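**Q** Provided herewith: query-v1.cif, mmCIF, C-alpha atoms.
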```cif
data_run
#
loop_
_atom_site.group_PDB
_atom_site.id
_atom_site.type_symbol
_atom_site.label_atom_id
_atom_site.label_comp_id
_atom_site.auth_asym_id
_atom_site.auth_seq_id
_atom_site.Cartn_x
_atom_site.Cartn_y
_atom_site.Cartn_z
ATOM 1 C CA MET A 1 -193.999 -91.242 72.344
ATOM 2 C CA SER A 2 -191.353 -93.357 74.047
ATOM 3 C CA LYS A 3 -191.450 -97.116 73.981
ATOM 4 C CA LYS A 4 -191.085 -99.403 76.931
ATOM 5 C CA ARG A 5 -187.709 -100.840 77.840
ATOM 6 C CA LEU A 6 -187.251 -104.349 76.431
ATOM 7 C CA ASP A 7 -184.057 -105.504 78.159
ATOM 8 C CA VAL A 8 -185.760 -106.487 81.423
ATOM 9 C CA LEU A 9 -185.075 -109.580 83.506
ATOM 10 C CA SER A 10 -187.163 -112.659 82.812
ATOM 11 C CA TRP A 11 -189.023 -114.091 85.803
ATOM 12 C CA ASP A 12 -186.434 -116.904 85.990
ATOM 13 C CA GLU A 13 -183.581 -114.380 86.024
ATOM 14 C CA TYR A 14 -185.341 -112.210 88.580
ATOM 15 C CA PHE A 15 -186.172 -114.953 91.078
ATOM 16 C CA MET A 16 -182.819 -116.718 90.696
ATOM 17 C CA SER A 17 -181.147 -113.352 91.309
ATOM 18 C CA VAL A 18 -183.180 -113.027 94.525
ATOM 19 C CA ALA A 19 -181.934 -116.496 95.498
ATOM 20 C CA HIS A 20 -178.346 -115.396 94.808
ATOM 21 C CA LEU A 21 -178.832 -112.212 96.818
ATOM 22 C CA SER A 22 -180.134 -114.294 99.733
ATOM 23 C CA ALA A 23 -177.120 -116.602 99.463
ATOM 24 C CA LEU A 24 -174.878 -113.624 100.195
ATOM 25 C CA ARG A 25 -176.217 -113.732 103.792
ATOM 26 C CA SER A 26 -174.701 -117.193 104.357
ATOM 27 C CA LYS A 27 -171.695 -117.354 106.673
ATOM 28 C CA ASP A 28 -170.632 -120.706 105.196
ATOM 29 C CA PRO A 29 -167.064 -120.299 103.887
ATOM 30 C CA ASN A 30 -167.456 -123.099 101.312
ATOM 31 C CA THR A 31 -170.984 -123.141 99.896
ATOM 32 C CA GLN A 32 -173.485 -120.303 99.866
ATOM 33 C CA VAL A 33 -176.975 -121.325 98.764
ATOM 34 C CA GLY A 34 -180.082 -119.182 98.378
ATOM 35 C CA ALA A 35 -183.723 -119.999 97.750
ATOM 36 C CA CYS A 36 -186.776 -117.995 96.701
ATOM 37 C CA ILE A 37 -190.337 -119.366 96.759
ATOM 38 C CA VAL A 38 -192.972 -117.766 94.528
ATOM 39 C CA ASN A 39 -196.635 -118.393 93.885
ATOM 40 C CA GLU A 40 -198.430 -118.695 90.550
ATOM 41 C CA ASP A 41 -198.841 -114.895 90.426
ATOM 42 C CA ASN A 42 -195.053 -114.369 90.708
ATOM 43 C CA ILE A 43 -195.326 -113.064 94.266
ATOM 44 C CA ILE A 44 -192.463 -113.967 96.595
ATOM 45 C CA LEU A 45 -193.680 -116.098 99.499
ATOM 46 C CA GLY A 46 -190.385 -116.905 101.220
ATOM 47 C CA ILE A 47 -186.633 -116.566 100.917
ATOM 48 C CA GLY A 48 -183.804 -118.316 102.699
ATOM 49 C CA TYR A 49 -180.120 -119.102 102.772
ATOM 50 C CA ASN A 50 -178.010 -121.791 104.415
ATOM 51 C CA GLY A 51 -177.266 -120.797 107.983
ATOM 52 C CA LEU A 52 -177.669 -121.639 111.629
ATOM 53 C CA PRO A 53 -181.080 -121.733 113.334
ATOM 54 C CA LYS A 54 -182.356 -118.592 115.054
ATOM 55 C CA GLY A 55 -180.691 -118.059 118.413
ATOM 56 C CA CYS A 56 -177.552 -120.012 117.503
ATOM 57 C CA SER A 57 -174.496 -117.780 117.251
ATOM 58 C CA ASP A 58 -172.528 -117.949 114.001
ATOM 59 C CA ASP A 59 -169.393 -117.663 116.152
ATOM 60 C CA GLU A 60 -170.140 -120.599 118.465
ATOM 61 C CA PHE A 61 -170.751 -123.374 115.931
ATOM 62 C CA PRO A 62 -168.340 -124.970 113.447
ATOM 63 C CA TRP A 63 -168.272 -124.070 109.770
ATOM 64 C CA GLY A 64 -165.831 -126.757 108.626
ATOM 65 C CA ASN A 65 -166.769 -129.607 106.323
ATOM 66 C CA VAL A 66 -164.176 -132.199 107.368
ATOM 67 C CA GLY A 67 -163.971 -134.173 110.609
ATOM 68 C CA ASP A 68 -166.317 -135.739 113.117
ATOM 69 C CA THR A 69 -169.971 -134.810 112.703
ATOM 70 C CA LEU A 70 -170.077 -132.490 115.712
ATOM 71 C CA ASP A 71 -166.949 -130.703 114.498
ATOM 72 C CA THR A 72 -168.531 -129.813 111.123
ATOM 73 C CA LYS A 73 -171.394 -127.643 109.936
ATOM 74 C CA TYR A 74 -173.516 -130.579 108.780
ATOM 75 C CA ALA A 75 -175.270 -131.254 112.080
ATOM 76 C CA PHE A 76 -176.157 -127.594 112.607
ATOM 77 C CA VAL A 77 -176.854 -125.705 109.368
ATOM 78 C CA VAL A 78 -180.396 -125.244 108.054
ATOM 79 C CA HIS A 79 -180.424 -125.416 104.250
ATOM 80 C CA ALA A 80 -181.710 -122.515 102.154
ATOM 81 C CA GLU A 81 -184.761 -124.415 100.903
ATOM 82 C CA LEU A 82 -185.941 -125.320 104.402
ATOM 83 C CA ASN A 83 -185.291 -121.780 105.644
ATOM 84 C CA ALA A 84 -187.380 -120.378 102.764
ATOM 85 C CA ILE A 85 -190.209 -122.785 103.607
ATOM 86 C CA LEU A 86 -190.036 -121.954 107.314
ATOM 87 C CA ASN A 87 -189.835 -118.202 106.595
ATOM 88 C CA SER A 88 -193.048 -118.290 104.581
ATOM 89 C CA HIS A 89 -196.351 -117.506 106.261
ATOM 90 C CA ALA A 90 -198.540 -118.472 103.319
ATOM 91 C CA SER A 91 -199.703 -121.681 101.727
ATOM 92 C CA LEU A 92 -197.042 -123.044 99.385
ATOM 93 C CA LYS A 93 -199.442 -125.314 97.508
ATOM 94 C CA GLY A 94 -198.650 -125.017 93.799
ATOM 95 C CA ALA A 95 -195.672 -122.714 94.414
ATOM 96 C CA SER A 96 -192.260 -122.795 92.732
ATOM 97 C CA ILE A 97 -188.898 -122.680 94.464
ATOM 98 C CA TYR A 98 -185.845 -121.114 92.844
ATOM 99 C CA VAL A 99 -182.639 -122.459 94.336
ATOM 100 C CA SER A 100 -179.022 -121.965 93.371
ATOM 101 C CA LEU A 101 -178.072 -125.601 94.181
ATOM 102 C CA PHE A 102 -180.197 -128.698 93.557
ATOM 103 C CA PRO A 103 -181.922 -129.761 96.801
ATOM 104 C CA CYS A 104 -180.670 -132.653 98.919
ATOM 105 C CA ASN A 105 -182.959 -135.486 100.011
ATOM 106 C CA GLU A 106 -183.878 -133.776 103.304
ATOM 107 C CA CYS A 107 -184.891 -130.574 101.531
ATOM 108 C CA ALA A 108 -186.767 -132.584 98.913
ATOM 109 C CA LYS A 109 -188.909 -134.061 101.698
ATOM 110 C CA ALA A 110 -189.776 -130.579 102.977
ATOM 111 C CA ILE A 111 -190.463 -129.306 99.446
ATOM 112 C CA ILE A 112 -192.824 -132.201 98.756
ATOM 113 C CA GLN A 113 -194.602 -131.881 102.112
ATOM 114 C CA SER A 114 -195.056 -128.119 101.703
ATOM 115 C CA GLY A 115 -196.913 -128.495 98.392
ATOM 116 C CA ILE A 116 -194.302 -126.886 96.137
ATOM 117 C CA THR A 117 -194.738 -128.283 92.619
ATOM 118 C CA LEU A 118 -191.749 -126.882 90.694
ATOM 119 C CA ILE A 119 -188.041 -126.596 91.464
ATOM 120 C CA VAL A 120 -186.026 -124.240 89.284
ATOM 121 C CA TYR A 121 -182.357 -124.756 90.002
ATOM 122 C CA GLU A 122 -179.039 -123.618 88.674
ATOM 123 C CA ASP A 123 -176.260 -125.955 89.818
ATOM 124 C CA ASP A 124 -176.356 -129.738 90.243
ATOM 125 C CA LYS A 125 -172.762 -130.284 91.349
ATOM 126 C CA TYR A 126 -173.745 -133.099 93.734
ATOM 127 C CA ALA A 127 -175.801 -135.026 91.144
ATOM 128 C CA ASP A 128 -173.754 -138.194 91.660
ATOM 129 C CA THR A 129 -174.292 -138.323 95.443
ATOM 130 C CA ASP A 130 -176.791 -140.651 97.079
ATOM 131 C CA ALA A 131 -178.540 -137.660 98.701
ATOM 132 C CA VAL A 132 -179.342 -136.041 95.351
ATOM 133 C CA LYS A 133 -180.220 -139.368 93.713
ATOM 134 C CA ALA A 134 -182.694 -139.992 96.566
ATOM 135 C CA SER A 135 -183.995 -136.449 96.186
ATOM 136 C CA LYS A 136 -184.677 -136.877 92.470
ATOM 137 C CA ARG A 137 -186.361 -140.227 93.059
ATOM 138 C CA MET A 138 -188.739 -138.779 95.675
ATOM 139 C CA LEU A 139 -189.460 -135.643 93.651
ATOM 140 C CA ALA A 140 -190.337 -137.718 90.585
ATOM 141 C CA ALA A 141 -192.579 -140.019 92.621
ATOM 142 C CA ALA A 142 -194.382 -137.026 94.150
ATOM 143 C CA GLY A 143 -194.843 -135.298 90.796
ATOM 144 C CA VAL A 144 -192.645 -132.288 91.569
ATOM 145 C CA ALA A 145 -191.293 -130.863 88.311
ATOM 146 C CA ILE A 146 -187.659 -129.810 88.050
ATOM 147 C CA ARG A 147 -186.111 -127.393 85.586
ATOM 148 C CA GLN A 148 -182.503 -126.299 85.318
ATOM 149 C CA VAL A 149 -181.548 -122.800 84.185
ATOM 150 C CA GLU A 150 -178.158 -122.056 82.737
ATOM 151 C CA LYS A 151 -175.761 -120.026 84.842
ATOM 152 C CA ARG A 152 -174.723 -117.823 81.957
ATOM 153 C CA LEU A 153 -178.296 -116.629 81.429
ATOM 154 C CA LEU A 154 -178.648 -115.324 84.952
ATOM 155 C CA VAL A 155 -177.797 -111.961 86.366
ATOM 156 C CA LYS A 156 -175.209 -112.532 89.085
ATOM 157 C CA VAL A 157 -175.996 -110.306 92.038
ATOM 158 C CA GLU A 158 -172.318 -110.311 92.969
ATOM 159 C CA GLU A 159 -171.558 -108.583 89.640
ATOM 160 C CA VAL A 160 -174.205 -105.916 90.184
ATOM 161 C CA ILE A 161 -173.191 -104.953 93.736
#
```
Can you present the structure in this file as structure tokens?
**A**
Amino acid sequence: MSKKRLDVLSWDEYFMSVAHLSALRSKDPNTQVGACIVNEDNIILGIGYNGLPKGCSDDEFPWGNVGDTLDTKYAFVVHAELNAILNSHASLKGASIYVSLFPCNECAKAIIQSGITLIVYEDDKYADTDAVKASKRMLAAAGVAIRQVEKRLLVKVEEVI
């Protein structure tokens, strides 16, 4: 009788890998972010990546990150977390979101309002910015739990493809 395979992905590795796979859809030349929302039964409810809104051509809007606001991506790009929320057609109450980069303050607002109760993130490279400090303050006040996973423990989709 054969035994089951034991070297399977953990749920954290699996869902963070889905977030990384989603990030590969981003046209952003500097930062590709992916998000995956799951319910308490480990069913995926929504995925997203940072990109332009539907109907906006990736070739007609700027992708730079330096210059006047209208000459950069910042006024136009929808973040991965918000895209995952908007792409979901189910209640997100009590759900978890896996995201490759810690959410900014604007995404934190959407996460809180949607009913998500746990953020599992990988990178916090903007931890010292006011946007992330505001995000963490709001998330704590709203009772949204946060948990960081180590990069080295995750399966990198880029390495598998």
**Q** Region 64-141 of chain A near region 40-49 of chain A within 12 Å: what's each residue's closest atom pair and its distance in Å to one decimal, counting only C-alpha atoms, ordered by chain then ascending residue number, as CSV?
**A**
```
residue,atom,partner,partner_atom,distance
A:Val77,CA,A:Tyr49,CA,9.9
A:Val78,CA,A:Tyr49,CA,8.1
A:His79,CA,A:Tyr49,CA,6.5
A:Ala80,CA,A:Tyr49,CA,3.8
A:Glu81,CA,A:Gly48,CA,6.4
A:Leu82,CA,A:Gly48,CA,7.5
A:Asn83,CA,A:Gly48,CA,4.8
A:Ala84,CA,A:Gly48,CA,4.1
A:Ile85,CA,A:Gly46,CA,6.3
A:Leu86,CA,A:Gly46,CA,7.9
A:Asn87,CA,A:Gly46,CA,5.6
A:Ser88,CA,A:Gly46,CA,4.5
A:His89,CA,A:Leu45,CA,7.4
A:Ala90,CA,A:Leu45,CA,6.6
A:Ser91,CA,A:Leu45,CA,8.5
A:Leu92,CA,A:Leu45,CA,7.7
A:Lys93,CA,A:Glu40,CA,9.7
A:Gly94,CA,A:Glu40,CA,7.1
A:Ala95,CA,A:Glu40,CA,6.2
A:Ser96,CA,A:Glu40,CA,7.7
A:Ile97,CA,A:Gly46,CA,9.0
A:Tyr98,CA,A:Ile47,CA,9.3
A:Val99,CA,A:Gly48,CA,9.4
A:Ser100,CA,A:Tyr49,CA,9.9
A:Leu101,CA,A:Tyr49,CA,11.0
A:Ile116,CA,A:Glu40,CA,10.7
A:Thr117,CA,A:Glu40,CA,10.5
A:Leu118,CA,A:Glu40,CA,10.6
```
**Q** Filtering to C-alpha atoms, could you give me those residues as a PDB file, in the frame of the given file?
**A**
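The result, stored in again11.pdb:
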```pdb
ATOM      1  CA  VAL A  77    -176.854-125.705 109.368  1.00  0.00           C
ATOM      2  CA  VAL A  78    -180.396-125.244 108.054  1.00  0.00           C
ATOM      3  CA  HIS A  79    -180.424-125.416 104.250  1.00  0.00           C
ATOM      4  CA  ALA A  80    -181.710-122.515 102.154  1.00  0.00           C
ATOM      5  CA  GLU A  81    -184.761-124.415 100.903  1.00  0.00           C
ATOM      6  CA  LEU A  82    -185.941-125.320 104.402  1.00  0.00           C
ATOM      7  CA  ASN A  83    -185.291-121.780 105.644  1.00  0.00           C
ATOM      8  CA  ALA A  84    -187.380-120.378 102.764  1.00  0.00           C
ATOM      9  CA  ILE A  85    -190.209-122.785 103.607  1.00  0.00           C
ATOM     10  CA  LEU A  86    -190.036-121.954 107.314  1.00  0.00           C
ATOM     11  CA  ASN A  87    -189.835-118.202 106.595  1.00  0.00           C
ATOM     12  CA  SER A  88    -193.048-118.290 104.581  1.00  0.00           C
ATOM     13  CA  HIS A  89    -196.351-117.506 106.261  1.00  0.00           C
ATOM     14  CA  ALA A  90    -198.540-118.472 103.319  1.00  0.00           C
ATOM     15  CA  SER A  91    -199.703-121.681 101.727  1.00  0.00           C
ATOM     16  CA  LEU A  92    -197.042-123.044  99.385  1.00  0.00           C
ATOM     17  CA  LYS A  93    -199.442-125.314  97.508  1.00  0.00           C
ATOM     18  CA  GLY A  94    -198.650-125.017  93.799  1.00  0.00           C
ATOM     19  CA  ALA A  95    -195.672-122.714  94.414  1.00  0.00           C
ATOM     20  CA  SER A  96    -192.260-122.795  92.732  1.00  0.00           C
ATOM     21  CA  ILE A  97    -188.898-122.680  94.464  1.00  0.00           C
ATOM     22  CA  TYR A  98    -185.845-121.114  92.844  1.00  0.00           C
ATOM     23  CA  VAL A  99    -182.639-122.459  94.336  1.00  0.00           C
ATOM     24  CA  SER A 100    -179.022-121.965  93.371  1.00  0.00           C
ATOM     25  CA  LEU A 101    -178.072-125.601  94.181  1.00  0.00           C
ATOM     26  CA  ILE A 116    -194.302-126.886  96.137  1.00  0.00           C
ATOM     27  CA  THR A 117    -194.738-128.283  92.619  1.00  0.00           C
ATOM     28  CA  LEU A 118    -191.749-126.882  90.694  1.00  0.00           C
TER      29      LEU A 118
END
```
**Q** Could you tell me, as a ChimeraX atom specification, exactly which residues end up selected when the PyMOL selection byres ((chain A and resi 21-28) around 8) is applied to this structure?
**A** /A:17-20,29-35,47-51,58,63,80,157-158
**Q** With all atoms listed in the file as the counted atoms, please give the residues lying no more than 9 Å from Ala145 (chain A), apart from itself and same-chain residues fewer than 2 positions off, as an mmCIF file with C-alpha atoms, keeping the file's coordinate frame.
**A**
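Below you can see result21.cif, which holds the result:
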```
data_model
loop_
_atom_site.group_PDB
_atom_site.id
_atom_site.type_symbol
_atom_site.label_atom_id
_atom_site.label_comp_id
_atom_site.auth_asym_id
_atom_site.auth_seq_id
_atom_site.Cartn_x
_atom_site.Cartn_y
_atom_site.Cartn_z
ATOM 1 C CA THR A 117 -194.738 -128.283 92.619
ATOM 2 C CA LEU A 118 -191.749 -126.882 90.694
ATOM 3 C CA ILE A 119 -188.041 -126.596 91.464
ATOM 4 C CA VAL A 120 -186.026 -124.240 89.284
ATOM 5 C CA LEU A 139 -189.460 -135.643 93.651
ATOM 6 C CA ALA A 140 -190.337 -137.718 90.585
ATOM 7 C CA GLY A 143 -194.843 -135.298 90.796
ATOM 8 C CA ARG A 147 -186.111 -127.393 85.586
#
```
**Q** So what do you get for CA of Trp11 (chain A) versus CA of Val144 (chain A), distance-wise?
**A**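 Here the two named atoms are 19.4 Å from each other.
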**Q** Could you jot down the CA of Phe15 (chain A) to CA of Phe102 (chain A) separation for me, Å, one decimal place?
**A**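 Pair CA of Phe15 (chain A) / CA of Phe102 (chain A) returns 15.2 Å.
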**Q** List as JSON, numbers by chain: which residues have an atom within 10 Å of (-182.6, -133.1, 99.8), counting all atoms listed in the file?
**A** {"A": [79, 81, 82, 102, 103, 104, 105, 106, 107, 108, 109, 110, 111, 130, 131, 132, 133, 134, 135, 136, 138, 139]}
**Q** Would you compute the distance between CA of Ala75 (chain A) and CA of Gly115 (chain A)? Give it in Å to one decimal.
**A**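 Between these atoms lies a distance of 25.8 Å.
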**Q** Could you check the closest approach to Cys56 (chain A) for each of A:Glu122, A:Ile146, A:Ala127, A:Phe76 and tell me which residue wins, using all atoms listed in the file?
**A** A:Phe76
**Q** Using all atoms listed in the file for the distances, tell me which of A:Ala142, A:Cys36, A:Asp71, A:Glu60 is nearest to Tyr121 (chain A).
**A**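 Residue with the minimum atom-to-atom distance to Tyr121 (chain A): A:Cys36.
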**Q** What does region 41-63 of chain A look like written to a file with N, CA, C and O atoms, as a PDB file, in the first residue's frame?
**A**
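Wrote it out as selection04.pdb, contents follow:
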```pdb
ATOM      1  N   ASP A  41     -13.103  28.276   4.607  1.00  0.00           N
ATOM      2  CA  ASP A  41     -13.003  26.906   4.101  1.00  0.00           C
ATOM      3  C   ASP A  41     -11.886  26.762   3.073  1.00  0.00           C
ATOM      4  O   ASP A  41     -11.841  25.771   2.343  1.00  0.00           O
ATOM      5  N   ASN A  42     -11.007  27.763   2.992  1.00  0.00           N
ATOM      6  CA  ASN A  42      -9.883  27.772   2.047  1.00  0.00           C
ATOM      7  C   ASN A  42     -10.331  27.734   0.590  1.00  0.00           C
ATOM      8  O   ASN A  42      -9.678  27.137  -0.253  1.00  0.00           O
ATOM      9  N   ILE A  43     -11.437  28.406   0.307  1.00  0.00           N
ATOM     10  CA  ILE A  43     -11.933  28.549  -1.057  1.00  0.00           C
ATOM     11  C   ILE A  43     -11.589  29.956  -1.534  1.00  0.00           C
ATOM     12  O   ILE A  43     -11.856  30.943  -0.833  1.00  0.00           O
ATOM     13  N   ILE A  44     -11.003  30.055  -2.702  1.00  0.00           N
ATOM     14  CA  ILE A  44     -10.626  31.359  -3.255  1.00  0.00           C
ATOM     15  C   ILE A  44     -11.874  32.133  -3.663  1.00  0.00           C
ATOM     16  O   ILE A  44     -12.713  31.633  -4.408  1.00  0.00           O
ATOM     17  N   LEU A  45     -11.969  33.366  -3.154  1.00  0.00           N
ATOM     18  CA  LEU A  45     -13.115  34.227  -3.435  1.00  0.00           C
ATOM     19  C   LEU A  45     -12.783  35.332  -4.430  1.00  0.00           C
ATOM     20  O   LEU A  45     -13.681  35.881  -5.065  1.00  0.00           O
ATOM     21  N   GLY A  46     -11.527  35.700  -4.530  1.00  0.00           N
ATOM     22  CA  GLY A  46     -11.130  36.767  -5.454  1.00  0.00           C
ATOM     23  C   GLY A  46      -9.627  36.835  -5.573  1.00  0.00           C
ATOM     24  O   GLY A  46      -8.908  36.505  -4.628  1.00  0.00           O
ATOM     25  N   ILE A  47      -9.169  37.228  -6.749  1.00  0.00           N
ATOM     26  CA  ILE A  47      -7.743  37.460  -6.982  1.00  0.00           C
ATOM     27  C   ILE A  47      -7.589  38.778  -7.713  1.00  0.00           C
ATOM     28  O   ILE A  47      -8.518  39.259  -8.365  1.00  0.00           O
ATOM     29  N   GLY A  48      -6.419  39.377  -7.588  1.00  0.00           N
ATOM     30  CA  GLY A  48      -6.178  40.640  -8.278  1.00  0.00           C
ATOM     31  C   GLY A  48      -4.704  40.954  -8.348  1.00  0.00           C
ATOM     32  O   GLY A  48      -3.884  40.341  -7.664  1.00  0.00           O
ATOM     33  N   TYR A  49      -4.393  41.901  -9.194  1.00  0.00           N
ATOM     34  CA  TYR A  49      -3.026  42.404  -9.347  1.00  0.00           C
ATOM     35  C   TYR A  49      -3.107  43.899  -9.592  1.00  0.00           C
ATOM     36  O   TYR A  49      -4.180  44.426  -9.900  1.00  0.00           O
ATOM     37  N   ASN A  50      -1.981  44.598  -9.462  1.00  0.00           N
ATOM     38  CA  ASN A  50      -2.000  46.040  -9.683  1.00  0.00           C
ATOM     39  C   ASN A  50      -1.998  46.318 -11.184  1.00  0.00           C
ATOM     40  O   ASN A  50      -1.135  45.856 -11.918  1.00  0.00           O
ATOM     41  N   GLY A  51      -3.022  47.051 -11.604  1.00  0.00           N
ATOM     42  CA  GLY A  51      -3.172  47.372 -13.019  1.00  0.00           C
ATOM     43  C   GLY A  51      -4.212  48.443 -13.229  1.00  0.00           C
ATOM     44  O   GLY A  51      -4.856  48.908 -12.290  1.00  0.00           O
ATOM     45  N   LEU A  52      -4.392  48.811 -14.473  1.00  0.00           N
ATOM     46  CA  LEU A  52      -5.350  49.856 -14.821  1.00  0.00           C
ATOM     47  C   LEU A  52      -6.782  49.333 -14.738  1.00  0.00           C
ATOM     48  O   LEU A  52      -7.022  48.133 -14.873  1.00  0.00           O
ATOM     49  N   PRO A  53      -7.752  50.233 -14.547  1.00  0.00           N
ATOM     50  CA  PRO A  53      -9.154  49.817 -14.534  1.00  0.00           C
ATOM     51  C   PRO A  53      -9.574  49.238 -15.889  1.00  0.00           C
ATOM     52  O   PRO A  53      -8.968  49.544 -16.921  1.00  0.00           O
ATOM     53  N   LYS A  54     -10.620  48.421 -15.864  1.00  0.00           N
ATOM     54  CA  LYS A  54     -11.163  47.861 -17.100  1.00  0.00           C
ATOM     55  C   LYS A  54     -11.460  48.976 -18.092  1.00  0.00           C
ATOM     56  O   LYS A  54     -11.969  50.036 -17.713  1.00  0.00           O
ATOM     57  N   GLY A  55     -11.142  48.744 -19.342  1.00  0.00           N
ATOM     58  CA  GLY A  55     -11.430  49.723 -20.386  1.00  0.00           C
ATOM     59  C   GLY A  55     -10.337  50.751 -20.599  1.00  0.00           C
ATOM     60  O   GLY A  55     -10.383  51.525 -21.544  1.00  0.00           O
ATOM     61  N   CYS A  56      -9.354  50.793 -19.719  1.00  0.00           N
ATOM     62  CA  CYS A  56      -8.236  51.725 -19.854  1.00  0.00           C
ATOM     63  C   CYS A  56      -7.044  50.966 -20.450  1.00  0.00           C
ATOM     64  O   CYS A  56      -6.585  49.990 -19.854  1.00  0.00           O
ATOM     65  N   SER A  57      -6.582  51.420 -21.590  1.00  0.00           N
ATOM     66  CA  SER A  57      -5.501  50.737 -22.288  1.00  0.00           C
ATOM     67  C   SER A  57      -4.170  50.874 -21.544  1.00  0.00           C
ATOM     68  O   SER A  57      -3.781  51.967 -21.144  1.00  0.00           O
ATOM     69  N   ASP A  58      -3.479  49.740 -21.409  1.00  0.00           N
ATOM     70  CA  ASP A  58      -2.159  49.732 -20.776  1.00  0.00           C
ATOM     71  C   ASP A  58      -1.143  50.553 -21.568  1.00  0.00           C
ATOM     72  O   ASP A  58      -0.094  50.906 -21.044  1.00  0.00           O
ATOM     73  N   ASP A  59      -1.458  50.836 -22.830  1.00  0.00           N
ATOM     74  CA  ASP A  59      -0.542  51.586 -23.690  1.00  0.00           C
ATOM     75  C   ASP A  59      -0.810  53.088 -23.682  1.00  0.00           C
ATOM     76  O   ASP A  59      -0.002  53.856 -24.191  1.00  0.00           O
ATOM     77  N   GLU A  60      -1.934  53.510 -23.117  1.00  0.00           N
ATOM     78  CA  GLU A  60      -2.317  54.919 -23.168  1.00  0.00           C
ATOM     79  C   GLU A  60      -2.142  55.662 -21.846  1.00  0.00           C
ATOM     80  O   GLU A  60      -2.412  56.859 -21.780  1.00  0.00           O
ATOM     81  N   PHE A  61      -1.709  54.962 -20.802  1.00  0.00           N
ATOM     82  CA  PHE A  61      -1.529  55.588 -19.503  1.00  0.00           C
ATOM     83  C   PHE A  61      -0.084  55.397 -19.052  1.00  0.00           C
ATOM     84  O   PHE A  61       0.569  54.422 -19.414  1.00  0.00           O
ATOM     85  N   PRO A  62       0.411  56.320 -18.242  1.00  0.00           N
ATOM     86  CA  PRO A  62       1.826  56.253 -17.822  1.00  0.00           C
ATOM     87  C   PRO A  62       2.084  55.143 -16.805  1.00  0.00           C
ATOM     88  O   PRO A  62       1.207  54.795 -16.015  1.00  0.00           O
ATOM     89  N   TRP A  63       3.298  54.619 -16.848  1.00  0.00           N
ATOM     90  CA  TRP A  63       3.730  53.606 -15.898  1.00  0.00           C
ATOM     91  C   TRP A  63       4.909  54.083 -15.049  1.00  0.00           C
ATOM     92  O   TRP A  63       5.414  53.337 -14.220  1.00  0.00           O
TER      93      TRP A  63
END
```
